[in-house]
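Asker: Take a look at upload-v8.txt, compact mmCIF, N, CA and C atoms and all ligand atoms:
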# COMPACT_ATOMS: atom_id res chain seq x y z
N THR A 22 14.01 -12.20 25.61
CA THR A 22 13.25 -12.38 24.37
C THR A 22 11.79 -12.73 24.67
N GLN A 23 10.88 -12.07 23.97
CA GLN A 23 9.48 -12.41 24.12
C GLN A 23 8.92 -12.89 22.79
N GLU A 24 7.75 -13.51 22.87
CA GLU A 24 7.13 -14.01 21.65
C GLU A 24 5.71 -13.49 21.53
N THR A 25 5.32 -13.11 20.33
CA THR A 25 3.93 -12.71 20.11
C THR A 25 3.41 -13.38 18.85
N VAL A 26 2.12 -13.68 18.88
CA VAL A 26 1.49 -14.26 17.69
C VAL A 26 0.52 -13.22 17.14
N ILE A 27 0.73 -12.83 15.90
CA ILE A 27 -0.10 -11.80 15.27
C ILE A 27 -0.99 -12.47 14.22
N ASN A 28 -2.28 -12.16 14.26
CA ASN A 28 -3.18 -12.69 13.24
C ASN A 28 -3.05 -11.85 11.98
N ILE A 29 -2.83 -12.51 10.86
CA ILE A 29 -2.63 -11.79 9.60
C ILE A 29 -3.66 -12.26 8.58
N ASN A 30 -4.49 -11.32 8.14
CA ASN A 30 -5.48 -11.65 7.10
C ASN A 30 -5.06 -11.03 5.78
N GLY A 31 -5.41 -11.70 4.70
CA GLY A 31 -5.12 -11.18 3.38
C GLY A 31 -3.97 -11.90 2.70
N MET A 32 -3.37 -12.86 3.40
CA MET A 32 -2.30 -13.65 2.76
C MET A 32 -2.98 -14.75 1.95
N THR A 33 -2.56 -14.91 0.71
CA THR A 33 -3.21 -15.91 -0.12
C THR A 33 -2.24 -16.88 -0.76
N CYS A 34 -0.97 -16.54 -0.77
CA CYS A 34 -0.04 -17.45 -1.42
C CYS A 34 1.31 -17.40 -0.70
N ASN A 35 2.20 -18.28 -1.12
CA ASN A 35 3.49 -18.38 -0.46
C ASN A 35 4.35 -17.14 -0.62
N SER A 36 4.11 -16.38 -1.69
CA SER A 36 4.93 -15.19 -1.86
C SER A 36 4.55 -14.13 -0.84
N CYS A 37 3.28 -14.13 -0.39
CA CYS A 37 2.88 -13.23 0.71
C CYS A 37 3.67 -13.61 1.97
N VAL A 38 3.75 -14.90 2.24
CA VAL A 38 4.46 -15.39 3.42
C VAL A 38 5.92 -14.95 3.36
N GLN A 39 6.53 -15.16 2.20
CA GLN A 39 7.94 -14.80 2.05
C GLN A 39 8.16 -13.29 2.15
N SER A 40 7.22 -12.51 1.58
CA SER A 40 7.34 -11.05 1.68
C SER A 40 7.33 -10.61 3.13
N ILE A 41 6.38 -11.13 3.90
CA ILE A 41 6.25 -10.71 5.30
C ILE A 41 7.47 -11.16 6.10
N GLU A 42 7.88 -12.41 5.92
CA GLU A 42 9.05 -12.88 6.66
C GLU A 42 10.29 -12.05 6.31
N GLY A 43 10.43 -11.76 5.01
CA GLY A 43 11.59 -10.99 4.55
C GLY A 43 11.64 -9.59 5.15
N VAL A 44 10.50 -8.90 5.13
CA VAL A 44 10.48 -7.50 5.60
C VAL A 44 10.56 -7.44 7.13
N ILE A 45 9.77 -8.23 7.80
CA ILE A 45 9.70 -8.14 9.27
C ILE A 45 10.98 -8.64 9.94
N SER A 46 11.62 -9.65 9.35
CA SER A 46 12.84 -10.16 9.99
C SER A 46 13.95 -9.11 10.00
N LYS A 47 13.84 -8.09 9.14
CA LYS A 47 14.87 -7.04 9.10
C LYS A 47 14.57 -5.88 10.05
N LYS A 48 13.41 -5.90 10.71
CA LYS A 48 13.06 -4.80 11.62
C LYS A 48 13.89 -4.90 12.89
N PRO A 49 14.22 -3.74 13.48
CA PRO A 49 15.02 -3.74 14.71
C PRO A 49 14.33 -4.55 15.81
N GLY A 50 15.10 -5.35 16.50
CA GLY A 50 14.59 -6.09 17.65
C GLY A 50 13.94 -7.42 17.31
N VAL A 51 13.82 -7.73 16.00
CA VAL A 51 13.19 -9.00 15.63
C VAL A 51 14.25 -10.10 15.57
N LYS A 52 14.05 -11.14 16.38
CA LYS A 52 15.01 -12.25 16.41
C LYS A 52 14.63 -13.31 15.39
N SER A 53 13.33 -13.57 15.29
CA SER A 53 12.89 -14.55 14.29
C SER A 53 11.42 -14.32 14.00
N ILE A 54 11.00 -14.74 12.81
CA ILE A 54 9.57 -14.70 12.48
C ILE A 54 9.22 -15.93 11.68
N HIS A 55 8.09 -16.51 12.04
CA HIS A 55 7.57 -17.63 11.26
C HIS A 55 6.13 -17.30 10.90
N VAL A 56 5.85 -17.28 9.62
CA VAL A 56 4.49 -16.98 9.16
C VAL A 56 3.83 -18.26 8.67
N SER A 57 2.60 -18.48 9.13
CA SER A 57 1.84 -19.65 8.68
C SER A 57 0.67 -19.20 7.82
N LEU A 58 0.68 -19.63 6.57
CA LEU A 58 -0.41 -19.30 5.64
C LEU A 58 -1.68 -20.03 6.08
N ALA A 59 -1.53 -21.29 6.48
CA ALA A 59 -2.68 -22.11 6.88
C ALA A 59 -3.40 -21.53 8.09
N ASN A 60 -2.63 -21.02 9.06
CA ASN A 60 -3.24 -20.50 10.29
C ASN A 60 -3.48 -18.99 10.24
N SER A 61 -3.03 -18.32 9.18
CA SER A 61 -3.09 -16.85 9.09
C SER A 61 -2.45 -16.18 10.30
N THR A 62 -1.27 -16.66 10.66
CA THR A 62 -0.58 -16.06 11.81
C THR A 62 0.89 -15.81 11.51
N GLY A 63 1.44 -14.89 12.27
CA GLY A 63 2.88 -14.66 12.27
C GLY A 63 3.36 -14.77 13.70
N THR A 64 4.33 -15.64 13.94
CA THR A 64 4.88 -15.81 15.28
C THR A 64 6.25 -15.14 15.31
N VAL A 65 6.37 -14.13 16.17
CA VAL A 65 7.59 -13.33 16.18
C VAL A 65 8.28 -13.42 17.54
N GLU A 66 9.57 -13.69 17.50
CA GLU A 66 10.41 -13.60 18.70
C GLU A 66 11.09 -12.24 18.62
N TYR A 67 10.97 -11.45 19.69
CA TYR A 67 11.50 -10.09 19.62
C TYR A 67 12.12 -9.66 20.95
N ASP A 68 12.94 -8.62 20.87
CA ASP A 68 13.54 -8.03 22.05
C ASP A 68 12.64 -6.88 22.51
N PRO A 69 12.00 -7.00 23.67
CA PRO A 69 11.03 -5.99 24.11
C PRO A 69 11.66 -4.61 24.36
N LEU A 70 12.97 -4.54 24.43
CA LEU A 70 13.62 -3.23 24.59
C LEU A 70 13.67 -2.48 23.26
N LEU A 71 13.59 -3.20 22.17
CA LEU A 71 13.77 -2.60 20.84
C LEU A 71 12.49 -2.49 20.02
N THR A 72 11.51 -3.31 20.32
CA THR A 72 10.26 -3.26 19.56
C THR A 72 9.11 -3.76 20.41
N SER A 73 7.91 -3.71 19.85
CA SER A 73 6.73 -4.15 20.61
C SER A 73 5.76 -4.82 19.64
N PRO A 74 4.83 -5.62 20.17
CA PRO A 74 3.84 -6.25 19.30
C PRO A 74 3.10 -5.23 18.44
N GLU A 75 2.77 -4.06 19.02
CA GLU A 75 2.03 -3.03 18.27
C GLU A 75 2.87 -2.50 17.10
N THR A 76 4.16 -2.28 17.34
CA THR A 76 5.06 -1.82 16.26
C THR A 76 5.11 -2.85 15.14
N LEU A 77 5.19 -4.11 15.53
CA LEU A 77 5.26 -5.19 14.55
C LEU A 77 3.94 -5.32 13.78
N ARG A 78 2.85 -5.15 14.51
CA ARG A 78 1.52 -5.23 13.87
C ARG A 78 1.40 -4.13 12.81
N GLU A 79 1.82 -2.91 13.18
CA GLU A 79 1.75 -1.79 12.24
C GLU A 79 2.63 -2.03 11.02
N ALA A 80 3.79 -2.63 11.24
CA ALA A 80 4.71 -2.90 10.13
C ALA A 80 4.07 -3.87 9.13
N ILE A 81 3.31 -4.83 9.64
CA ILE A 81 2.63 -5.79 8.75
C ILE A 81 1.48 -5.10 8.02
N GLU A 82 0.74 -4.24 8.74
CA GLU A 82 -0.33 -3.45 8.11
C GLU A 82 0.22 -2.61 6.96
N ASP A 83 1.39 -2.01 7.20
CA ASP A 83 2.04 -1.16 6.20
C ASP A 83 2.33 -1.90 4.91
N MET A 84 2.44 -3.22 5.01
CA MET A 84 2.74 -4.03 3.83
C MET A 84 1.49 -4.37 3.03
N GLY A 85 0.32 -3.96 3.53
CA GLY A 85 -0.92 -4.18 2.80
C GLY A 85 -1.73 -5.36 3.30
N PHE A 86 -1.46 -5.79 4.54
CA PHE A 86 -2.25 -6.88 5.12
C PHE A 86 -3.02 -6.37 6.33
N ASP A 87 -3.98 -7.15 6.75
CA ASP A 87 -4.75 -6.86 7.94
C ASP A 87 -4.09 -7.59 9.08
N ALA A 88 -3.58 -6.85 10.08
CA ALA A 88 -2.89 -7.52 11.18
C ALA A 88 -3.56 -7.15 12.49
N VAL A 89 -3.83 -8.18 13.31
CA VAL A 89 -4.54 -7.98 14.57
C VAL A 89 -3.79 -8.71 15.67
N LEU A 90 -3.62 -8.00 16.80
CA LEU A 90 -3.00 -8.64 17.96
C LEU A 90 -4.05 -9.43 18.71
N PRO A 91 -3.64 -10.56 19.31
CA PRO A 91 -4.61 -11.33 20.11
C PRO A 91 -5.01 -10.53 21.35
N ASP A 92 -6.20 -10.76 21.87
CA ASP A 92 -6.67 -10.01 23.05
C ASP A 92 -5.89 -10.41 24.29
N MET B 2 -9.09 -7.44 -14.66
CA MET B 2 -9.07 -6.42 -13.60
C MET B 2 -9.62 -5.10 -14.10
N ARG B 3 -10.00 -4.29 -13.21
CA ARG B 3 -10.56 -2.96 -13.44
C ARG B 3 -9.65 -2.13 -14.34
N TYR B 4 -10.24 -1.43 -15.27
CA TYR B 4 -9.46 -0.55 -16.10
C TYR B 4 -10.00 0.87 -15.98
N LEU B 5 -9.06 1.83 -15.94
CA LEU B 5 -9.50 3.21 -15.74
C LEU B 5 -9.76 3.88 -17.08
N TYR B 6 -11.02 4.17 -17.36
CA TYR B 6 -11.35 4.89 -18.59
C TYR B 6 -11.40 6.39 -18.33
N HIS B 7 -11.68 6.74 -17.06
CA HIS B 7 -11.86 8.16 -16.71
C HIS B 7 -10.51 8.79 -16.39
N SER B 8 -9.57 8.61 -17.29
CA SER B 8 -8.26 9.21 -17.10
C SER B 8 -8.39 10.73 -17.13
N SER B 9 -7.74 11.37 -16.14
CA SER B 9 -7.85 12.82 -16.07
C SER B 9 -6.96 13.49 -17.12
N GLY B 10 -6.09 12.69 -17.74
CA GLY B 10 -5.35 13.22 -18.87
C GLY B 10 -4.04 13.89 -18.55
N ASN B 11 -4.00 14.73 -17.50
CA ASN B 11 -2.78 15.49 -17.28
C ASN B 11 -1.87 14.95 -16.18
N LEU B 12 -2.30 13.91 -15.49
CA LEU B 12 -1.44 13.34 -14.46
C LEU B 12 -0.39 12.44 -15.11
N PRO B 13 0.85 12.51 -14.62
CA PRO B 13 1.87 11.62 -15.17
C PRO B 13 1.50 10.15 -14.92
N LYS B 14 1.75 9.32 -15.90
CA LYS B 14 1.42 7.90 -15.79
C LYS B 14 2.71 7.09 -15.78
N HIS B 15 2.80 6.15 -14.85
CA HIS B 15 4.01 5.35 -14.69
C HIS B 15 3.71 3.87 -14.79
N GLU B 16 4.67 3.14 -15.30
CA GLU B 16 4.53 1.69 -15.39
C GLU B 16 5.56 1.03 -14.48
N PHE B 17 5.08 0.13 -13.64
CA PHE B 17 5.96 -0.62 -12.74
C PHE B 17 5.74 -2.11 -12.98
N SER B 18 6.77 -2.89 -12.76
CA SER B 18 6.54 -4.32 -12.69
C SER B 18 6.66 -4.72 -11.22
N VAL B 19 5.68 -5.49 -10.77
CA VAL B 19 5.63 -5.92 -9.36
C VAL B 19 5.41 -7.43 -9.36
N ASP B 20 6.23 -8.14 -8.62
CA ASP B 20 6.16 -9.60 -8.62
C ASP B 20 4.95 -10.11 -7.82
N MET B 21 3.78 -10.13 -8.49
CA MET B 21 2.54 -10.59 -7.87
C MET B 21 2.17 -11.95 -8.45
N ASN B 22 1.69 -12.85 -7.61
CA ASN B 22 1.35 -14.19 -8.08
C ASN B 22 -0.13 -14.49 -8.13
N CYS B 23 -0.91 -13.78 -7.32
CA CYS B 23 -2.34 -14.07 -7.29
C CYS B 23 -3.12 -12.84 -6.88
N GLU B 24 -4.45 -12.97 -6.85
CA GLU B 24 -5.34 -11.86 -6.47
C GLU B 24 -4.98 -11.28 -5.11
N GLY B 25 -4.54 -12.15 -4.21
CA GLY B 25 -4.19 -11.70 -2.86
C GLY B 25 -2.99 -10.75 -2.88
N CYS B 26 -2.01 -11.09 -3.69
CA CYS B 26 -0.84 -10.22 -3.85
C CYS B 26 -1.29 -8.88 -4.41
N ALA B 27 -2.16 -8.92 -5.42
CA ALA B 27 -2.66 -7.69 -6.05
C ALA B 27 -3.43 -6.86 -5.03
N GLU B 28 -4.14 -7.54 -4.15
CA GLU B 28 -4.91 -6.86 -3.10
C GLU B 28 -3.97 -6.11 -2.15
N ALA B 29 -2.86 -6.74 -1.80
CA ALA B 29 -1.87 -6.09 -0.92
C ALA B 29 -1.30 -4.84 -1.59
N VAL B 30 -1.05 -4.93 -2.88
CA VAL B 30 -0.54 -3.78 -3.64
C VAL B 30 -1.59 -2.66 -3.65
N SER B 31 -2.87 -3.03 -3.89
CA SER B 31 -3.94 -2.02 -3.89
C SER B 31 -4.01 -1.30 -2.55
N ARG B 32 -3.87 -2.07 -1.49
CA ARG B 32 -3.99 -1.47 -0.16
C ARG B 32 -2.91 -0.45 0.13
N VAL B 33 -1.66 -0.76 -0.21
CA VAL B 33 -0.59 0.21 0.07
C VAL B 33 -0.77 1.46 -0.79
N LEU B 34 -1.25 1.28 -2.02
CA LEU B 34 -1.47 2.45 -2.89
C LEU B 34 -2.63 3.29 -2.38
N ASN B 35 -3.70 2.64 -1.93
CA ASN B 35 -4.84 3.38 -1.39
C ASN B 35 -4.47 4.11 -0.11
N LYS B 36 -3.58 3.52 0.68
CA LYS B 36 -3.12 4.17 1.91
C LYS B 36 -2.34 5.44 1.58
N LEU B 37 -1.54 5.37 0.52
CA LEU B 37 -0.78 6.56 0.10
C LEU B 37 -1.74 7.66 -0.34
N GLY B 38 -2.74 7.26 -1.13
CA GLY B 38 -3.71 8.23 -1.64
C GLY B 38 -3.16 9.03 -2.80
N GLY B 39 -4.04 9.75 -3.47
CA GLY B 39 -3.62 10.58 -4.59
C GLY B 39 -3.13 9.78 -5.79
N VAL B 40 -3.64 8.56 -5.92
CA VAL B 40 -3.24 7.72 -7.04
C VAL B 40 -4.45 7.10 -7.72
N GLN B 41 -4.36 6.96 -9.03
CA GLN B 41 -5.31 6.16 -9.78
C GLN B 41 -4.48 5.05 -10.38
N PHE B 42 -4.92 3.81 -10.20
CA PHE B 42 -4.06 2.74 -10.69
C PHE B 42 -4.85 1.61 -11.30
N ASN B 43 -4.13 0.82 -12.05
CA ASN B 43 -4.69 -0.31 -12.75
C ASN B 43 -3.67 -1.45 -12.62
N ILE B 44 -4.13 -2.59 -12.14
CA ILE B 44 -3.22 -3.72 -11.93
C ILE B 44 -3.47 -4.78 -13.00
N ASP B 45 -2.41 -5.13 -13.70
CA ASP B 45 -2.47 -6.19 -14.69
C ASP B 45 -1.75 -7.40 -14.08
N LEU B 46 -2.55 -8.24 -13.42
CA LEU B 46 -1.99 -9.37 -12.68
C LEU B 46 -1.25 -10.38 -13.56
N PRO B 47 -1.85 -10.83 -14.68
CA PRO B 47 -1.14 -11.83 -15.50
C PRO B 47 0.24 -11.37 -15.96
N ASN B 48 0.36 -10.06 -16.25
CA ASN B 48 1.64 -9.54 -16.71
C ASN B 48 2.48 -8.92 -15.59
N LYS B 49 1.97 -9.01 -14.35
CA LYS B 49 2.69 -8.48 -13.18
C LYS B 49 3.06 -7.02 -13.35
N LYS B 50 2.10 -6.24 -13.85
CA LYS B 50 2.34 -4.81 -14.07
C LYS B 50 1.37 -3.98 -13.26
N VAL B 51 1.85 -2.82 -12.82
CA VAL B 51 0.99 -1.85 -12.14
C VAL B 51 1.15 -0.51 -12.85
N TYR B 52 0.04 0.05 -13.32
CA TYR B 52 0.05 1.35 -13.98
C TYR B 52 -0.53 2.38 -13.01
N ILE B 53 0.22 3.43 -12.77
CA ILE B 53 -0.23 4.43 -11.80
C ILE B 53 -0.23 5.82 -12.41
N GLU B 54 -1.36 6.51 -12.21
CA GLU B 54 -1.44 7.93 -12.57
C GLU B 54 -1.43 8.71 -11.28
N SER B 55 -0.46 9.61 -11.13
CA SER B 55 -0.34 10.33 -9.87
C SER B 55 0.57 11.54 -9.98
N GLU B 56 0.37 12.48 -9.05
CA GLU B 56 1.25 13.64 -8.94
C GLU B 56 2.51 13.26 -8.15
N HIS B 57 2.42 12.18 -7.39
CA HIS B 57 3.57 11.76 -6.57
C HIS B 57 4.79 11.48 -7.45
N SER B 58 5.97 11.69 -6.87
CA SER B 58 7.21 11.42 -7.59
C SER B 58 7.38 9.91 -7.79
N THR B 59 8.19 9.56 -8.76
CA THR B 59 8.49 8.15 -9.01
C THR B 59 9.08 7.51 -7.76
N ASP B 60 9.95 8.27 -7.07
CA ASP B 60 10.56 7.77 -5.82
C ASP B 60 9.52 7.41 -4.77
N THR B 61 8.54 8.30 -4.60
CA THR B 61 7.48 8.06 -3.62
C THR B 61 6.70 6.81 -4.00
N LEU B 62 6.39 6.67 -5.28
CA LEU B 62 5.62 5.52 -5.74
C LEU B 62 6.41 4.22 -5.56
N LEU B 63 7.71 4.31 -5.85
CA LEU B 63 8.58 3.14 -5.72
C LEU B 63 8.70 2.73 -4.24
N THR B 64 8.90 3.72 -3.37
CA THR B 64 8.99 3.45 -1.94
C THR B 64 7.71 2.80 -1.44
N THR B 65 6.57 3.30 -1.93
CA THR B 65 5.27 2.77 -1.50
C THR B 65 5.10 1.33 -1.96
N LEU B 66 5.41 1.05 -3.22
CA LEU B 66 5.27 -0.31 -3.74
C LEU B 66 6.24 -1.26 -3.02
N ASN B 67 7.43 -0.75 -2.69
CA ASN B 67 8.42 -1.58 -1.99
C ASN B 67 7.95 -2.02 -0.61
N LYS B 68 7.02 -1.27 -0.04
CA LYS B 68 6.48 -1.63 1.28
C LYS B 68 5.87 -3.02 1.28
N THR B 69 5.39 -3.48 0.12
CA THR B 69 4.76 -4.79 0.05
C THR B 69 5.77 -5.92 0.25
N GLY B 70 7.07 -5.59 0.12
CA GLY B 70 8.10 -6.62 0.27
C GLY B 70 8.27 -7.43 -1.00
N LYS B 71 7.52 -7.06 -2.04
CA LYS B 71 7.63 -7.78 -3.31
C LYS B 71 8.70 -7.10 -4.17
N THR B 72 9.19 -7.83 -5.16
CA THR B 72 10.20 -7.26 -6.05
C THR B 72 9.51 -6.27 -6.99
N VAL B 73 10.02 -5.04 -7.01
CA VAL B 73 9.42 -3.97 -7.79
C VAL B 73 10.46 -3.36 -8.73
N CYS B 74 10.08 -3.13 -9.98
CA CYS B 74 10.95 -2.40 -10.91
C CYS B 74 10.17 -1.28 -11.55
N TYR B 75 10.82 -0.15 -11.74
CA TYR B 75 10.20 0.94 -12.47
C TYR B 75 10.49 0.75 -13.95
N ILE B 76 9.45 0.61 -14.74
CA ILE B 76 9.65 0.41 -16.16
C ILE B 76 9.84 1.75 -16.87
N GLY B 77 8.99 2.73 -16.53
CA GLY B 77 9.14 4.05 -17.13
C GLY B 77 7.81 4.76 -17.24
N PRO B 78 7.85 5.98 -17.79
CA PRO B 78 6.59 6.71 -17.98
C PRO B 78 5.77 6.02 -19.07
N LYS B 79 4.47 6.22 -19.01
CA LYS B 79 3.57 5.55 -19.95
C LYS B 79 2.92 6.57 -20.85
CU CU C 101 0.53 -13.66 -2.08
CU CU C 102 -0.42 -14.08 -4.24
Starting from the file, lay out its structure as C-alpha cells.
Ligand SMILES: [Cu+2]
Ligand SMILES: [Cu+2]

Answerer:
Amino acid sequence: TQETVININGMTCNSCVQSIEGVISKKPGVKSIHVSLANSTGTVEYDPLLTSPETLREAIEDMGFDAVLPD
Amino acid sequence: MRYLYHSSGNLPKHEFSVDMNCEGCAEAVSRVLNKLGGVQFNIDLPNKKVYIESEHSTDTLLTTLNKTGKTVCYIGPK
C-alpha cells in the first residue's frame, strides 16, 4: 500500500468533502481516502498495482475540482 | 445567478435537481458541464436546480451531473 496527498482546490463546504470521499473511495485500488477542507488536500491510501496518483488526480478533476499532485 | 436570455429556442431543455449547498458546489457542477460541452445551463442554487439546454441525451446529462458525486434527480423536460 502506498499513500499520496493530492492538493484539491475548489472545495468550499462539507458536501464537497463527502462527494469526493464517496466517489474516490469506490475507485479500484483505493483503500482509504481522507479529505481535508481546511488543508485543501486529499490523502489516499492505494494499491499501486491497481491505480496511480495520476489516475486518482484525474478522477477528482472529473468531479469538477482542481486537483494537483505534489512535486 | 446568471440567466440565459439568448435561448436558441429549438434545443431541448431539461430540469434537474442537484444537491448543491453553496457557490462552490455550483462551481463544481458548472465545471463538469463545461467539460462535456454543447450545453447552455442555468443554475438556481437556492432551489438546488439546474436547467440545461442541449442536444445531449438525458442519460448523457445525468451521467455528467452524477460525476460530481452529488445527489442528482431528473425532474423532466422544461
Ligand atoms: Cu461544496
Ligand atoms: Cu458547497

Asker: Give me the chain B side of the contact with ligand CU 102 (chain C), cut-off 10 Å, one line per residue showing its nearest atom pair and distance in Å at one decimal, counting only C-alpha atoms and all ligand atoms, sorted by chain and residue number, as CSV.

Answerer:
residue,atom,partner,partner_atom,distance
B:Asp20,CA,C:CU102,CU,9.1
B:Met21,CA,C:CU102,CU,5.8
B:Asn22,CA,C:CU102,CU,4.2
B:Cys23,CA,C:CU102,CU,3.6
B:Glu24,CA,C:CU102,CU,5.8
B:Gly25,CA,C:CU102,CU,4.7
B:Cys26,CA,C:CU102,CU,3.9
B:Ala27,CA,C:CU102,CU,7.0
B:Glu28,CA,C:CU102,CU,8.6
B:Ala29,CA,C:CU102,CU,8.8
B:Leu46,CA,C:CU102,CU,9.8

Asker: Please give the centre and size of the box around range 29-48 of chain B (axis-aligned, containing every atom listed in the file, 3 Å added per side), with values in Å to one decimal and written as JSON.

Answerer:
{"center_x": -1.4, "center_y": -0.6, "center_z": -7.4, "size_x": 13.8, "size_y": 28.4, "size_z": 24.6}

Asker: I'd like the interatomic distance between atom C of Ser18 in chain B and atom C of Ala80 in chain A, to a tenth of an Å.

Answerer: 20.5 Å

Asker: Which residue is closest to ligand CU 101 (chain C)? Choose from A:Met84, A:Val89, A:Met32, A:Leu77 and count all atoms listed in the file.

Answerer: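 Among the listed residues, A:Met32 lies closest to ligand CU 101 (chain C).
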
Asker: May I have the residues of chain A within 6.5 Å of chain B, counting only N, CA and C atoms, written as a list in words?

Answerer: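 Residues of chain A within 6.5 Å of chain B, counting only N, CA and C atoms: Gly31, Met32, Thr33, Cys34, Ser40, Ile41, Val44, Asp83, Met84, Gly85 and Phe86 of chain A.
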
Asker: If DSSP is run on the backbone, what residues of chain A are helix (DSSP H, G or I)? A reply as a PyMOL selection string would be ideal.

Answerer: chain A and resi 35-45+74-83

Asker: Do you know which residues are at most 7 Å from Arg78 in chain A counting only N, CA and C atoms, after dropping those on the same chain fewer than 3 positions away, and could you put them as a ChimeraX atom specification?

Answerer: /A:27,73-75,81-83,88-90

Asker: To one decimal place in Å, what is the distance between CA of Asp60 in chain B and CA of Val40 in chain B?

Answerer: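 Interatomic distance here is 13.9 Å.
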
Asker: Using only C-alpha atoms and all ligand atoms, which of A:Val26, A:Cys37, A:Val65, A:Val51 sits nearest ligand CU 101 (chain C)?

Answerer: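 Ranked by minimum distance to ligand CU 101 (chain C), first place goes to A:Cys37.
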
Asker: Which residue, A:Lys52, A:Glu79, A:Asn35, A:Tyr67, has the smallest gap to ligand CU 101 (chain C) when you use only C-alpha atoms and all ligand atoms?

Answerer: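 Residue with the minimum atom-to-atom distance to ligand CU 101 (chain C): A:Asn35.
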
Asker: Excluding Thr62 in chain A and its own-chain neighbours fewer than 2 positions away, which residues fall within 8 Å of it when counting only C-alpha atoms? Please give them as a PyMOL selection string.

Answerer: chain A and resi 26-29+56-58+60+64

Asker: One number please: CA of Glu16 in chain B to CA of Leu37 in chain B, in Å, one decimal.

Answerer: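 Interatomic distance, CA of Glu16 in chain B to CA of Leu37 in chain B: 17.1 Å.
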
Asker: Out of chain A, which residues get strand (DSSP E or B) from DSSP, as a VMD selection string?

Answerer: chain A and resid 23 to 30 51 to 57 62 to 67 87 to 89
